[in-house]
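Engineer: The file below is run_28.cif, mmCIF, C-alpha atoms:
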```cif
data_coords
loop_
_atom_site.group_PDB
_atom_site.id
_atom_site.type_symbol
_atom_site.label_atom_id
_atom_site.label_comp_id
_atom_site.auth_asym_id
_atom_site.auth_seq_id
_atom_site.Cartn_x
_atom_site.Cartn_y
_atom_site.Cartn_z
ATOM 1 C CA MET T 1 182.950 86.610 151.050
ATOM 2 C CA ALA T 2 186.083 87.010 148.921
ATOM 3 C CA THR T 3 186.597 89.653 146.246
ATOM 4 C CA VAL T 4 187.932 88.845 142.789
ATOM 5 C CA TYR T 5 190.233 91.882 142.724
ATOM 6 C CA LYS T 6 193.700 92.130 144.223
ATOM 7 C CA ASN T 7 193.233 95.768 145.229
ATOM 8 C CA PRO T 8 190.979 98.796 144.576
ATOM 9 C CA SER T 9 193.177 100.118 141.760
ATOM 10 C CA GLY T 10 192.848 96.777 139.964
ATOM 11 C CA GLU T 11 189.076 96.961 140.289
ATOM 12 C CA ARG T 12 189.052 100.471 138.823
ATOM 13 C CA ALA T 13 191.250 99.398 135.902
ATOM 14 C CA VAL T 14 189.010 96.432 135.062
ATOM 15 C CA ARG T 15 185.797 98.448 135.305
ATOM 16 C CA GLN T 16 187.278 101.180 133.111
ATOM 17 C CA TRP T 17 188.369 98.653 130.465
ATOM 18 C CA CYS T 18 184.927 97.043 130.436
ATOM 19 C CA SER T 19 183.028 100.332 130.283
ATOM 20 C CA GLN T 20 185.197 101.614 127.437
ATOM 21 C CA ALA T 21 184.798 98.359 125.489
ATOM 22 C CA LEU T 22 181.004 98.667 125.670
ATOM 23 C CA VAL T 23 181.149 102.312 124.578
ATOM 24 C CA ARG T 24 183.313 101.369 121.573
ATOM 25 C CA ALA T 25 180.980 98.564 120.438
ATOM 26 C CA ASP T 26 179.868 99.127 116.853
ATOM 27 C CA PHE T 27 176.371 97.703 117.333
ATOM 28 C CA PRO T 28 173.535 98.901 119.608
ATOM 29 C CA LEU T 29 173.692 97.746 123.238
ATOM 30 C CA THR T 30 171.554 98.242 126.311
ATOM 31 C CA THR T 31 173.174 97.910 129.738
ATOM 32 C CA THR T 32 171.186 97.613 132.963
ATOM 33 C CA ILE T 33 172.003 96.843 136.584
ATOM 34 C CA VAL T 34 169.778 94.514 138.594
ATOM 35 C CA THR T 35 169.895 93.787 142.315
ATOM 36 C CA THR T 36 170.205 90.234 143.638
ATOM 37 C CA SER T 37 171.187 88.580 146.905
ATOM 38 C CA ALA T 38 174.737 88.566 145.478
ATOM 39 C CA GLY T 39 174.658 92.320 144.969
ATOM 40 C CA ARG T 40 174.474 94.349 141.773
ATOM 41 C CA VAL T 41 174.651 92.414 138.519
ATOM 42 C CA ALA T 42 175.318 94.008 135.121
ATOM 43 C CA LEU T 43 173.295 92.819 132.122
ATOM 44 C CA THR T 44 174.172 93.801 128.551
ATOM 45 C CA ALA T 45 171.595 93.151 125.816
ATOM 46 C CA ALA T 46 171.321 93.454 122.041
ATOM 47 C CA GLY T 47 169.164 92.237 119.186
ATOM 48 C CA SER T 48 165.527 91.283 118.829
ATOM 49 C CA GLY T 49 163.437 88.201 118.268
ATOM 50 C CA ALA T 50 162.249 85.243 120.279
ATOM 51 C CA PRO T 51 163.159 83.220 122.219
ATOM 52 C CA ARG T 52 165.186 85.253 124.674
ATOM 53 C CA VAL T 53 168.793 84.053 124.882
ATOM 54 C CA VAL T 54 170.798 84.560 128.085
ATOM 55 C CA LEU T 55 174.555 84.079 127.758
ATOM 56 C CA VAL T 56 176.743 83.252 130.767
ATOM 57 C CA PRO T 57 180.459 83.586 129.861
ATOM 58 C CA GLY T 58 183.361 81.565 131.202
ATOM 59 C CA THR T 59 185.854 82.196 133.985
ATOM 60 C CA GLY T 60 187.190 85.739 133.931
ATOM 61 C CA PHE T 61 184.943 86.809 131.050
ATOM 62 C CA ASN T 62 181.987 89.189 130.863
ATOM 63 C CA ALA T 63 179.905 91.072 128.308
ATOM 64 C CA SER T 64 182.773 93.414 127.417
ATOM 65 C CA ALA T 65 185.150 90.528 126.677
ATOM 66 C CA ALA T 66 182.390 88.511 124.970
ATOM 67 C CA LEU T 67 181.162 91.154 122.522
ATOM 68 C CA PRO T 68 181.779 88.895 119.474
ATOM 69 C CA TRP T 69 179.470 86.303 121.054
ATOM 70 C CA LEU T 70 176.827 88.957 121.720
ATOM 71 C CA ARG T 71 177.065 90.265 118.175
ATOM 72 C CA ALA T 72 176.719 86.773 116.671
ATOM 73 C CA LEU T 73 173.813 85.643 118.850
ATOM 74 C CA SER T 74 171.918 88.936 118.776
ATOM 75 C CA GLY T 75 171.805 88.747 114.997
ATOM 76 C CA HIS T 76 169.200 86.001 115.496
ATOM 77 C CA TRP T 77 167.628 86.464 118.943
ATOM 78 C CA THR T 78 167.293 89.014 121.723
ATOM 79 C CA THR T 79 170.412 88.212 123.712
ATOM 80 C CA THR T 80 171.489 89.265 127.207
ATOM 81 C CA VAL T 81 174.981 88.668 128.608
ATOM 82 C CA VAL T 82 175.362 88.292 132.379
ATOM 83 C CA ASP T 83 178.443 89.659 134.123
ATOM 84 C CA LEU T 84 178.631 87.094 136.922
ATOM 85 C CA PRO T 85 179.235 88.538 140.388
ATOM 86 C CA GLY T 86 182.582 87.532 141.799
ATOM 87 C CA GLN T 87 184.103 87.560 138.315
ATOM 88 C CA PRO T 88 185.934 90.543 136.773
ATOM 89 C CA GLY T 89 183.501 92.891 135.076
ATOM 90 C CA LEU T 90 180.801 95.384 135.962
ATOM 91 C CA SER T 91 178.983 93.339 138.626
ATOM 92 C CA ASP T 92 179.747 93.230 142.356
ATOM 93 C CA PRO T 93 183.118 91.538 143.019
ATOM 94 C CA TYR T 94 182.230 89.257 145.941
ATOM 95 C CA ARG T 95 181.826 85.478 145.843
ATOM 96 C CA PRO T 96 181.739 82.749 148.490
ATOM 97 C CA ARG T 97 184.863 80.763 149.286
ATOM 98 C CA GLY T 98 183.108 77.411 148.833
ATOM 99 C CA ALA T 99 180.087 75.788 147.118
ATOM 100 C CA ARG T 100 180.311 78.352 144.347
ATOM 101 C CA LEU T 101 178.425 76.463 141.652
ATOM 102 C CA SER T 102 175.266 76.040 143.711
ATOM 103 C CA TRP T 103 175.558 79.713 144.742
ATOM 104 C CA TYR T 104 175.943 80.821 141.138
ATOM 105 C CA GLY T 105 172.986 78.659 140.122
ATOM 106 C CA ARG T 106 170.756 80.365 142.680
ATOM 107 C CA VAL T 107 171.984 83.802 141.601
ATOM 108 C CA LEU T 108 171.217 83.026 137.954
ATOM 109 C CA ASP T 109 167.711 81.890 138.947
ATOM 110 C CA GLU T 110 167.276 85.270 140.680
ATOM 111 C CA ILE T 111 168.514 87.138 137.611
ATOM 112 C CA LEU T 112 165.975 85.389 135.385
ATOM 113 C CA ALA T 113 163.220 86.288 137.842
ATOM 114 C CA VAL T 114 164.282 89.958 137.940
ATOM 115 C CA MET T 115 164.445 90.020 134.129
ATOM 116 C CA ASP T 116 160.927 88.531 134.094
ATOM 117 C CA VAL T 117 161.930 86.221 131.250
ATOM 118 C CA ASP T 118 159.997 83.031 130.553
ATOM 119 C CA GLY T 119 161.013 80.403 128.014
ATOM 120 C CA ALA T 120 164.666 81.469 128.126
ATOM 121 C CA VAL T 121 167.411 79.658 126.235
ATOM 122 C CA LEU T 122 170.503 79.665 128.441
ATOM 123 C CA VAL T 123 173.866 79.592 126.679
ATOM 124 C CA GLY T 124 176.858 78.781 128.864
ATOM 125 C CA ASN T 125 180.564 78.763 128.013
ATOM 126 C CA SER T 126 183.142 76.959 130.176
ATOM 127 C CA LEU T 127 182.402 78.013 133.799
ATOM 128 C CA GLY T 128 179.225 79.631 132.482
ATOM 129 C CA ALA T 129 178.005 76.247 131.252
ATOM 130 C CA ALA T 130 178.374 74.779 134.739
ATOM 131 C CA VAL T 131 176.428 77.747 136.138
ATOM 132 C CA VAL T 132 173.708 77.236 133.518
ATOM 133 C CA LEU T 133 173.476 73.587 134.568
ATOM 134 C CA ALA T 134 173.365 74.523 138.257
ATOM 135 C CA ALA T 135 170.422 76.890 137.663
ATOM 136 C CA GLY T 136 167.028 75.212 137.935
ATOM 137 C CA SER T 137 164.545 78.032 137.336
ATOM 138 C CA PRO T 138 161.203 77.092 135.730
ATOM 139 C CA ARG T 139 161.808 80.052 133.409
ATOM 140 C CA ILE T 140 164.432 78.003 131.541
ATOM 141 C CA ALA T 141 163.197 76.351 128.338
ATOM 142 C CA ALA T 142 166.464 74.966 126.952
ATOM 143 C CA ARG T 143 170.234 75.005 127.360
ATOM 144 C CA ALA T 144 173.167 75.203 124.941
ATOM 145 C CA LEU T 145 176.596 74.465 126.430
ATOM 146 C CA VAL T 146 179.917 75.293 124.783
ATOM 147 C CA SER T 147 183.212 73.852 126.073
ATOM 148 C CA PRO T 148 181.321 73.087 129.275
ATOM 149 C CA ALA T 149 182.692 72.732 132.763
ATOM 150 C CA GLY T 150 180.536 70.683 135.105
ATOM 151 C CA PHE T 151 180.857 67.254 133.468
ATOM 152 C CA ILE T 152 184.506 66.318 134.087
ATOM 153 C CA ARG T 153 187.517 67.854 135.783
ATOM 154 C CA LEU T 154 189.386 70.171 133.454
ATOM 155 C CA GLY T 155 192.717 68.761 132.342
ATOM 156 C CA VAL T 156 195.924 70.818 132.296
ATOM 157 C CA ASP T 157 198.861 69.352 130.397
ATOM 158 C CA PRO T 158 202.483 70.338 131.202
ATOM 159 C CA ALA T 159 202.775 72.858 128.371
ATOM 160 C CA LEU T 160 199.575 74.601 129.434
ATOM 161 C CA ALA T 161 200.581 74.558 133.108
ATOM 162 C CA LEU T 162 203.954 76.160 132.321
ATOM 163 C CA ALA T 163 202.461 78.808 130.033
ATOM 164 C CA SER T 164 199.782 79.636 132.611
ATOM 165 C CA ALA T 165 202.358 80.002 135.386
ATOM 166 C CA ARG T 166 204.417 82.403 133.281
ATOM 167 C CA TRP T 167 201.277 84.392 132.442
ATOM 168 C CA LEU T 168 200.259 84.705 136.099
ATOM 169 C CA LEU T 169 203.750 85.625 137.297
ATOM 170 C CA ARG T 170 204.447 88.107 134.499
ATOM 171 C CA PRO T 171 201.280 88.992 132.550
ATOM 172 C CA THR T 172 202.921 90.731 129.602
ATOM 173 C CA ALA T 173 201.267 90.766 126.196
ATOM 174 C CA GLY T 174 203.856 88.250 124.978
ATOM 175 C CA ASN T 175 203.316 85.766 127.813
ATOM 176 C CA THR T 176 199.544 86.145 127.497
ATOM 177 C CA ARG T 177 199.656 85.557 123.751
ATOM 178 C CA ARG T 178 201.867 82.489 124.128
ATOM 179 C CA MET T 179 199.455 81.012 126.664
ATOM 180 C CA LEU T 180 196.358 81.769 124.605
ATOM 181 C CA ARG T 181 197.881 80.061 121.555
ATOM 182 C CA LEU T 182 197.242 76.863 123.535
ATOM 183 C CA PHE T 183 193.571 77.857 123.906
ATOM 184 C CA VAL T 184 192.893 78.115 120.161
ATOM 185 C CA GLY T 185 193.136 75.680 117.281
ATOM 186 C CA PRO T 186 196.426 74.840 115.518
ATOM 187 C CA GLY T 187 197.633 77.682 113.323
ATOM 188 C CA GLU T 188 195.231 80.216 114.857
ATOM 189 C CA GLU T 189 196.317 83.376 116.643
ATOM 190 C CA PRO T 190 194.339 84.520 119.705
ATOM 191 C CA PRO T 191 192.382 87.728 119.032
ATOM 192 C CA ARG T 192 194.084 90.939 120.128
ATOM 193 C CA THR T 193 191.216 91.893 122.440
ATOM 194 C CA GLU T 194 191.457 88.590 124.333
ATOM 195 C CA VAL T 195 195.219 89.054 124.747
ATOM 196 C CA GLU T 196 194.720 92.569 126.113
ATOM 197 C CA TRP T 197 191.907 91.484 128.438
ATOM 198 C CA MET T 198 193.650 88.400 129.825
ATOM 199 C CA ALA T 199 196.839 90.346 130.530
ATOM 200 C CA LEU T 200 194.842 92.948 132.456
ATOM 201 C CA MET T 201 192.918 90.253 134.319
ATOM 202 C CA ALA T 202 196.075 88.480 135.489
ATOM 203 C CA ALA T 203 197.524 91.781 136.712
ATOM 204 C CA CYS T 204 194.399 92.886 138.576
ATOM 205 C CA CYS T 205 192.470 89.780 139.640
ATOM 206 C CA ARG T 206 192.822 86.737 141.834
ATOM 207 C CA THR T 207 192.734 83.395 140.077
ATOM 208 C CA THR T 208 189.733 81.096 140.279
ATOM 209 C CA LEU T 209 190.132 77.336 140.371
ATOM 210 C CA ALA T 210 188.266 75.318 137.744
ATOM 211 C CA PRO T 211 184.830 74.162 138.922
ATOM 212 C CA PRO T 212 184.393 70.487 139.861
ATOM 213 C CA PRO T 213 181.931 68.167 138.104
ATOM 214 C CA LEU T 214 178.294 68.601 139.092
ATOM 215 C CA PRO T 215 176.454 65.717 140.793
ATOM 216 C CA ALA T 216 175.283 63.045 138.360
ATOM 217 C CA GLU T 217 171.728 63.201 139.696
ATOM 218 C CA LEU T 218 171.544 66.954 138.984
ATOM 219 C CA LEU T 219 172.797 66.450 135.430
ATOM 220 C CA ALA T 220 170.206 63.719 134.908
ATOM 221 C CA ARG T 221 167.451 66.145 135.957
ATOM 222 C CA ARG T 222 168.761 68.779 133.550
ATOM 223 C CA ALA T 223 168.368 66.277 130.715
ATOM 224 C CA GLU T 224 164.601 66.676 131.112
ATOM 225 C CA LEU T 225 164.808 69.925 129.103
ATOM 226 C CA PRO T 226 166.232 70.292 125.577
ATOM 227 C CA CYS T 227 170.014 70.620 125.724
ATOM 228 C CA VAL T 228 172.878 70.586 123.242
ATOM 229 C CA VAL T 229 176.586 70.392 124.045
ATOM 230 C CA GLY T 230 179.541 71.354 121.845
ATOM 231 C CA VAL T 231 183.306 71.500 122.249
ATOM 232 C CA GLY T 232 186.313 72.386 120.126
ATOM 233 C CA GLU T 233 188.175 69.581 118.417
ATOM 234 C CA HIS T 234 191.426 70.822 119.979
ATOM 235 C CA ASP T 235 190.169 71.775 123.449
ATOM 236 C CA ARG T 236 193.091 70.940 125.752
ATOM 237 C CA PHE T 237 191.040 71.416 128.941
ATOM 238 C CA LEU T 238 188.088 69.306 127.832
ATOM 239 C CA PRO T 239 189.283 66.919 125.097
ATOM 240 C CA PRO T 240 186.318 65.457 123.207
ATOM 241 C CA ARG T 241 187.571 61.924 123.865
ATOM 242 C CA ARG T 242 187.103 62.531 127.621
ATOM 243 C CA LEU T 243 184.079 64.816 127.521
ATOM 244 C CA ALA T 244 181.910 62.812 125.124
ATOM 245 C CA PRO T 245 181.538 59.710 127.371
ATOM 246 C CA ALA T 246 180.640 61.890 130.370
ATOM 247 C CA VAL T 247 177.988 63.832 128.458
ATOM 248 C CA ARG T 248 176.503 60.594 127.131
ATOM 249 C CA ARG T 249 176.576 58.891 130.548
ATOM 250 C CA THR T 250 175.046 61.750 132.559
ATOM 251 C CA MET T 251 172.602 63.347 130.117
ATOM 252 C CA GLY T 252 172.239 60.846 127.294
ATOM 253 C CA LEU T 253 173.451 63.392 124.735
ATOM 254 C CA ASP T 254 175.817 63.163 121.782
ATOM 255 C CA LEU T 255 178.644 65.698 121.913
ATOM 256 C CA ARG T 256 178.990 68.081 118.947
ATOM 257 C CA VAL T 257 182.640 68.650 118.023
ATOM 258 C CA PHE T 258 183.643 71.925 116.344
ATOM 259 C CA PRO T 259 186.379 71.174 113.770
ATOM 260 C CA GLY T 260 189.531 73.259 114.099
ATOM 261 C CA ALA T 261 188.456 74.993 117.325
ATOM 262 C CA GLY T 262 190.114 75.042 120.742
ATOM 263 C CA HIS T 263 188.798 75.919 124.194
ATOM 264 C CA LEU T 264 188.668 79.635 123.363
ATOM 265 C CA THR T 265 185.951 80.105 120.762
ATOM 266 C CA THR T 266 187.271 82.766 118.398
ATOM 267 C CA PRO T 267 185.049 84.814 116.035
ATOM 268 C CA ALA T 268 185.971 82.415 113.221
ATOM 269 C CA HIS T 269 184.059 79.634 114.990
ATOM 270 C CA LEU T 270 181.049 81.546 116.311
ATOM 271 C CA ASP T 271 178.879 80.405 113.409
ATOM 272 C CA ARG T 272 179.063 76.937 114.938
ATOM 273 C CA VAL T 273 177.909 78.329 118.285
ATOM 274 C CA VAL T 274 174.958 80.023 116.575
ATOM 275 C CA ALA T 275 174.057 76.761 114.832
ATOM 276 C CA LEU T 276 174.255 74.900 118.155
ATOM 277 C CA VAL T 277 171.947 77.400 119.871
ATOM 278 C CA ALA T 278 169.536 77.274 116.919
ATOM 279 C CA GLU T 279 169.033 73.543 117.510
ATOM 280 C CA VAL T 280 167.201 74.274 120.752
ATOM 281 C CA ALA T 281 165.986 77.845 120.087
ATOM 282 C CA GLU T 282 164.201 77.417 116.784
ATOM 283 C CA PRO T 283 161.781 74.661 117.911
ATOM 284 C CA LEU T 284 160.542 77.014 120.658
ATOM 285 C CA VAL T 285 159.055 79.466 118.131
ATOM 286 C CA ARG T 286 157.537 77.018 115.667
#
```
Just give me the structure of the file as structure tokens.
Structural biologist:
Amino acid sequence: MATVYKNPSGERAVRQWCSQALVRADFPLTTTIVTTSAGRVALTAAGSGAPRVVLVPGTGFNASAALPWLRALSGHWTTTVVDLPGQPGLSDPYRPRGARLSWYGRVLDEILAVMDVDGAVLVGNSLGAAVVLAAGSPRIAARALVSPAGFIRLGVDPALALASARWLLRPTAGNTRRMLRLFVGPGEEPPRTEVEWMALMAACCRTTLAPPPLPAELLARRAELPCVVGVGEHDRFLPPRRLAPAVRRTMGLDLRVFPGAGHLTTPAHLDRVVALVAEVAEPLVR
């Protein structure tokens, strides 16, 4: 098993940043640790109301870096954010070297069982969406996927490749900000917290390759439950013109496109995420 961190001091720095971010949150949170076959997994929850929403963030993200998502979703439903093991955060740092999506799917099934949650609405972002699709627990009632990996290979254009290389080689605030400007919509600035977090992550963590597409037969089975899929109009990794045909072909779904948004969903666009989740959550309580 490989660890996500470059060294023990990097692990300490990441855990300290995450713990302090949760302490500074200006809305009530509950943090618990559960034990799975992948080790200890941190869960951060807020809000009230049914159905129960479980959010799985994207590559390199966790509850501490996804607090705006938790705030937005928990205003409507009881929401729990999973810090995936093998990703930077408060969970155990180990992950397998291969077949990661199927491994993550099994781990998420275990987490739902430990939480004893039935009728859960799973919300996945980027890598988290692929993990949500890989999970097959009978406790899942519906899925909402935002900028989802798992359908097509993520594209990286030359400008993004160059900016990412500079960020990895020298993760200053300036290089991180310049890279993240390619993750958001035209004219937007990446939030300060994301710049700070991504700079720390590049300094302390090993990179993770983008997940490959999931098997078509698995995606077809996932279409048996309610599912909605959305992506930013300006997502450079998953352009709607490429993603929409794949979503239609594999799951028979129409892609929702968020005007003005990029791959990184900033607080300005979280109302669209809430509306997307409501499409599958609200029918469950009628």
Engineer: Within 10 Å of segment 173-189 of chain T, which residues of segment 195-281 of chain T come that close, and what is the closest atom pair and distance in Å for each? Count only C-alpha atoms and give it as JSON lines.
Structural biologist:
```
{"residue": "T:Val195", "atom": "CA", "partner": "T:Arg177", "partner_atom": "CA", "distance": 5.7}
{"residue": "T:Glu196", "atom": "CA", "partner": "T:Ala173", "partner_atom": "CA", "distance": 6.8}
{"residue": "T:Trp197", "atom": "CA", "partner": "T:Thr176", "partner_atom": "CA", "distance": 9.4}
{"residue": "T:Met198", "atom": "CA", "partner": "T:Thr176", "partner_atom": "CA", "distance": 6.7}
{"residue": "T:Ala199", "atom": "CA", "partner": "T:Thr176", "partner_atom": "CA", "distance": 5.8}
{"residue": "T:Leu200", "atom": "CA", "partner": "T:Ala173", "partner_atom": "CA", "distance": 9.2}
{"residue": "T:Ala202", "atom": "CA", "partner": "T:Thr176", "partner_atom": "CA", "distance": 9.0}
{"residue": "T:Gly232", "atom": "CA", "partner": "T:Gly185", "partner_atom": "CA", "distance": 8.1}
{"residue": "T:Glu233", "atom": "CA", "partner": "T:Gly185", "partner_atom": "CA", "distance": 7.9}
{"residue": "T:His234", "atom": "CA", "partner": "T:Gly185", "partner_atom": "CA", "distance": 5.8}
{"residue": "T:Asp235", "atom": "CA", "partner": "T:Phe183", "partner_atom": "CA", "distance": 7.0}
{"residue": "T:Arg236", "atom": "CA", "partner": "T:Phe183", "partner_atom": "CA", "distance": 7.2}
{"residue": "T:Phe237", "atom": "CA", "partner": "T:Phe183", "partner_atom": "CA", "distance": 8.6}
{"residue": "T:Pro259", "atom": "CA", "partner": "T:Gly185", "partner_atom": "CA", "distance": 8.8}
{"residue": "T:Gly260", "atom": "CA", "partner": "T:Gly185", "partner_atom": "CA", "distance": 5.4}
{"residue": "T:Ala261", "atom": "CA", "partner": "T:Gly185", "partner_atom": "CA", "distance": 4.7}
{"residue": "T:Gly262", "atom": "CA", "partner": "T:Val184", "partner_atom": "CA", "distance": 4.2}
{"residue": "T:His263", "atom": "CA", "partner": "T:Phe183", "partner_atom": "CA", "distance": 5.2}
{"residue": "T:Leu264", "atom": "CA", "partner": "T:Phe183", "partner_atom": "CA", "distance": 5.2}
{"residue": "T:Thr265", "atom": "CA", "partner": "T:Val184", "partner_atom": "CA", "distance": 7.2}
{"residue": "T:Thr266", "atom": "CA", "partner": "T:Val184", "partner_atom": "CA", "distance": 7.5}
{"residue": "T:Ala268", "atom": "CA", "partner": "T:Glu188", "partner_atom": "CA", "distance": 9.7}
```
Engineer: Find the residues near Val273 of chain T: any atom within 10 Å, counting only C-alpha atoms, skip ones fewer than 3 places away on the same chain, and give them as a PyMOL selection string.
Structural biologist: chain T and resi 69+72-73+123+144-146+229-231+258+265+267+269-270+276-278
Engineer: Hey, which of T:Cys205, T:Ile140, T:Leu168, T:Leu160 ends up closest to Arg12 of chain T? Count all atoms listed in the file.
Structural biologist: T:Cys205
Engineer: Tell me which protein, DNA and RNA residues are within 7 Å of segment 103-109 of chain T, counting only C-alpha atoms, leaving out same-chain ones fewer than 3 positions away, and put them as a PyMOL selection string.
Structural biologist: chain T and resi 36+38+99-100+112-113+131-132+134-137
Engineer: For the structure provided, state which residues fall under the PyMOL selection byres ((chain T and resi 3) around 9), and present them as a short mmCIF file (atom, residue, chain, number, x, y, z; two decimals) with C-alpha atoms, keeping the file's coordinate frame.
Structural biologist:
```cif
data_model
loop_
_atom_site.label_atom_id
_atom_site.label_comp_id
_atom_site.auth_asym_id
_atom_site.auth_seq_id
_atom_site.Cartn_x
_atom_site.Cartn_y
_atom_site.Cartn_z
CA MET T 1 182.95 86.61 151.05
CA ALA T 2 186.08 87.01 148.92
CA VAL T 4 187.93 88.84 142.79
CA TYR T 5 190.23 91.88 142.72
CA LYS T 6 193.70 92.13 144.22
CA GLY T 86 182.58 87.53 141.80
CA GLN T 87 184.10 87.56 138.32
CA ASP T 92 179.75 93.23 142.36
CA PRO T 93 183.12 91.54 143.02
CA TYR T 94 182.23 89.26 145.94
CA ARG T 95 181.83 85.48 145.84
CA PRO T 96 181.74 82.75 148.49
CA CYS T 205 192.47 89.78 139.64
CA ARG T 206 192.82 86.74 141.83
#
```
Engineer: Take the PyMOL selection byres ((chain T and resi 20-28) around 12), run it mentally on this structure, and tell me the resulting residues as a ChimeraX atom specification.
Structural biologist: /T:13-19,29-31,42-48,62-68,70-72,74-75,78-79,89-90,193-194,196-197
Engineer: Centre and edge lengths of an axis-aligned box around all listed atoms of segment 268-281 of chain T, with 6 Å added on each side, are to be given in Å to one decimal, as lines of an AutoDock Vina configuration file.
Structural biologist:
```
center_x = 176.0
center_y = 78.0
center_z = 117.0
size_x = 32.0
size_y = 20.9
size_z = 19.5
```
Engineer: Could you check how far atom CA of Val156 of chain T sits from atom CA of Leu238 of chain T, in Å to one decimal?
Structural biologist: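 Value for the atom CA of Val156 of chain T-atom CA of Leu238 of chain T distance: 9.1 Å.
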Engineer: Tell me, as a PDB file with C-alpha atoms, keeping the file's coordinate frame, which residues lie within 8 Å of Asn125 of chain T, counting all atoms listed in the file; anything in the same chain fewer than 3 positions away does not count.
Structural biologist:
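File written: around.pdb
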```pdb
ATOM      1  CA  VAL T  56     176.743  83.252 130.767  1.00  0.00           C
ATOM      2  CA  PRO T  57     180.459  83.586 129.861  1.00  0.00           C
ATOM      3  CA  GLY T  58     183.361  81.565 131.202  1.00  0.00           C
ATOM      4  CA  GLY T 128     179.225  79.631 132.482  1.00  0.00           C
ATOM      5  CA  ALA T 129     178.005  76.247 131.252  1.00  0.00           C
ATOM      6  CA  LEU T 145     176.596  74.465 126.430  1.00  0.00           C
ATOM      7  CA  VAL T 146     179.917  75.293 124.783  1.00  0.00           C
ATOM      8  CA  SER T 147     183.212  73.852 126.073  1.00  0.00           C
ATOM      9  CA  PRO T 148     181.321  73.087 129.275  1.00  0.00           C
ATOM     10  CA  ALA T 149     182.692  72.732 132.763  1.00  0.00           C
TER      11      ALA T 149
END
```
Engineer: Evaluate the PyMOL selection byres ((chain T and resi 55) around 7) and record the selected residues as a list in words, following the chain and residue labels used in the document.
Structural biologist: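 Matching residues under the PyMOL selection byres ((chain T and resi 55) around 7) are Val53, Val54, Val56, Pro57, Thr80, Val81, Val82, Leu122, Val123 and Gly124 of chain T.
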Engineer: Just to confirm, what's the straight-line distance from atom CA of Leu253 of chain T to atom CA of Pro51 of chain T in Å (one decimal)?
Structural biologist: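 The value is 22.5 Å.
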Engineer: What is the distance, in Å and to one decimal place, between atom CA of Glu279 of chain T and atom CA of Cys227 of chain T?
Structural biologist: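 We find that atom CA of Glu279 of chain T and atom CA of Cys227 of chain T lie 8.8 Å from each other.
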Engineer: My list of candidates is T:Met251, T:Ala141, T:Ile152, T:Val41. Which is closest to Ala223 of chain T when distances are computed with all atoms listed in the file?
Structural biologist: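 Between T:Met251, T:Ala141, T:Ile152, T:Val41, the residue approaching Ala223 of chain T most closely is T:Met251.
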Engineer: Pull out segment 160-177 of chain T, keep C-alpha atoms, and write it as a CSV table (one decimal), in the first residue's frame.
Structural biologist:
```csv
chain,number,residue,atom,x,y,z
T,160,LEU,CA,-3.3,23.4,-18.1
T,161,ALA,CA,-0.4,21.0,-18.4
T,162,LEU,CA,2.1,23.8,-18.2
T,163,ALA,CA,0.4,25.5,-15.3
T,164,SER,CA,0.1,22.2,-13.4
T,165,ALA,CA,3.8,21.4,-13.9
T,166,ARG,CA,4.8,24.8,-12.6
T,167,TRP,CA,2.5,24.3,-9.6
T,168,LEU,CA,4.0,20.8,-8.8
T,169,LEU,CA,7.6,21.9,-9.2
T,170,ARG,CA,7.2,25.2,-7.2
T,171,PRO,CA,3.9,25.3,-5.3
T,172,THR,CA,4.0,29.0,-4.4
T,173,ALA,CA,0.7,30.9,-3.9
T,174,GLY,CA,1.3,32.6,-7.2
T,175,ASN,CA,1.8,29.5,-9.2
T,176,THR,CA,-1.2,27.8,-7.5
T,177,ARG,CA,-3.4,30.8,-8.2
```
